[in-house]
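Colleague: Could you have a look at this structure, given as structure tokens, before my questions?
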Amino acid sequence: MATTFPSQPSRLTKELEIIWEPLPPDFVLPDEPVDNIAQPFLAFALREALEIAGLIVATMLFGTDFGLCTQVNGQTVIKAPDWVYVPRVNTVMNDRRSYTPYTEGDLPALVMEFLSDTDGTEYSTRPIYPYGKWYFYEQILQVPHYVIFDPYQGLIEFYQLVEGRYQLLEAPENRYWVESLQLFLGVWHGTKAERTGYWLRWWDSSGNLLLWGKEKLDRAQAEKAQLQQQALIAAQRADQLAAQLRALGIEPEQI
């Protein structure tokens with residue numbers, strides 16, 4: 001399947017011929033090292049909250065550091081976002097290492113990059129091969145939403161594709177509505193496991209935070225402890241009332 005898009009105005013670029021074709025099984029994917037130690041924690045936490053809330057179905061695809069692939073002007077282009085959400089895939093695969101939109105399922109609805117301490121390629125608009133990340137998501141894949149998150153300062157930039165270009169959105173409390181998930185995405189500060197810092201988190205349409213497993217367990221234990229405390233207080237009051245009745249010569253069992 002081939003699609004042709006005009007590239008961004010530049011003397012360096014020409015019309016893009018994009019072919020959506022799955023990679024051959026023996027294709028060797030490049031290994032991109034994780035250059036942000038917070039990245040695995042952030043990626044896992046985003047999925048965990050969705051899974052616990054029962055919002056993930058088998059045909060959805062959530063991934064980190066696997067290749068989004070296509071062919072542009074005869075060259076294979078692969079980018080591995082820090083986090084990506086695809087609403088529907090044709091085939092469910094547990095060991096997927098790459099994904100080609102359209103031929104293997106839907107276009108990604110949301111792509112995220114977590115800022116690193118290195119070269120800032122998250123903003124690269126390089127319009128010639130091997131193409132910058134920004135250019136790839138905006139001009140080649142045309143992903144509707146692109147999020148750039150700085151886990152060190154807790155800053156989030158939420159971009160929406162409007163007439164072929166990304167526009168930075170602003171939102172109250174820095175919580176952004178993700179239509180395809182029917183959830184808000186925003187920044188939260190706190191501790192999970194051994195990491196204390198800024199996290200990306202989900203809120204439902206009513207403003208309720210989607211909980212992680214430990215939070216859900218802690219809340220359940222707190223509610224159980226509260227019920228036990230209430231039961232204990234009720235039992236103590238019953239004992240006091242029984243003692244008062246006996247002082248009056250009345251056996252509680254006879255009432």
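Starting from 1 in every chain, residues are counted up; chains themselves are A, B, ... following the order of the structure tokens, and ligands are numbered from 1 as listed.
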I want to know what sits within 8 Å of segment 199-216 of chain A, based on only C-alpha atoms, with residues of the same chain fewer than 5 positions away left out; could you give that as a ChimeraX atom specification?
Modeller: /A:42,45-46,48-50,52-53,151,154,182-190
Colleague: Could you list, as number ranges by chain, every residue within 6 Å of Leu68 of chain A, counting only C-alpha atoms and ignoring same-chain residues fewer than 6 positions away?
Modeller: A: 78-79, 98-100
Colleague: Which polymer residues have any atom within 10 Å of an atom of Gln167 of chain A, counting only C-alpha atoms, with same-chain residues fewer than 3 positions away left out, as a list in words?
Modeller: His145, Tyr146, Glu157, Phe158, Tyr159, Gln160, Leu161, Val162, Glu163, Gly164 and Glu170 of chain A
Colleague: Could you jot down the atom CA of Trp20 of chain A to atom CA of Thr70 of chain A separation for me, Å, one decimal place?
Modeller: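 Atom CA of Trp20 of chain A sits 5.4 Å away from atom CA of Thr70 of chain A.
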Colleague: Could I get the residues of segment 36-126 of chain A with an atom no further than 6 Å from an atom of segment 134-137 of chain A, each paired with its nearest atom pair and that distance in Å to one decimal, using only C-alpha atoms, sorted by chain and residue number, as a tab-separated table?
Modeller:
```
residue	atom	partner	partner_atom	distance
A:Tyr123	CA	A:Trp134	CA	5.4
A:Ser124	CA	A:Trp134	CA	5.3
A:Thr125	CA	A:Tyr135	CA	4.6
```
Colleague: Could you write those residues out with C-alpha atoms, as a compact mmCIF listing (two decimals), in the first residue's frame?
Modeller:
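See again_19.txt below for the written result:
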```txt
# COMPACT_ATOMS: atom_id res chain seq x y z
CA TYR A 123 12.26 17.59 18.58
CA SER A 124 14.17 16.65 15.46
CA THR A 125 12.51 17.81 12.24
```
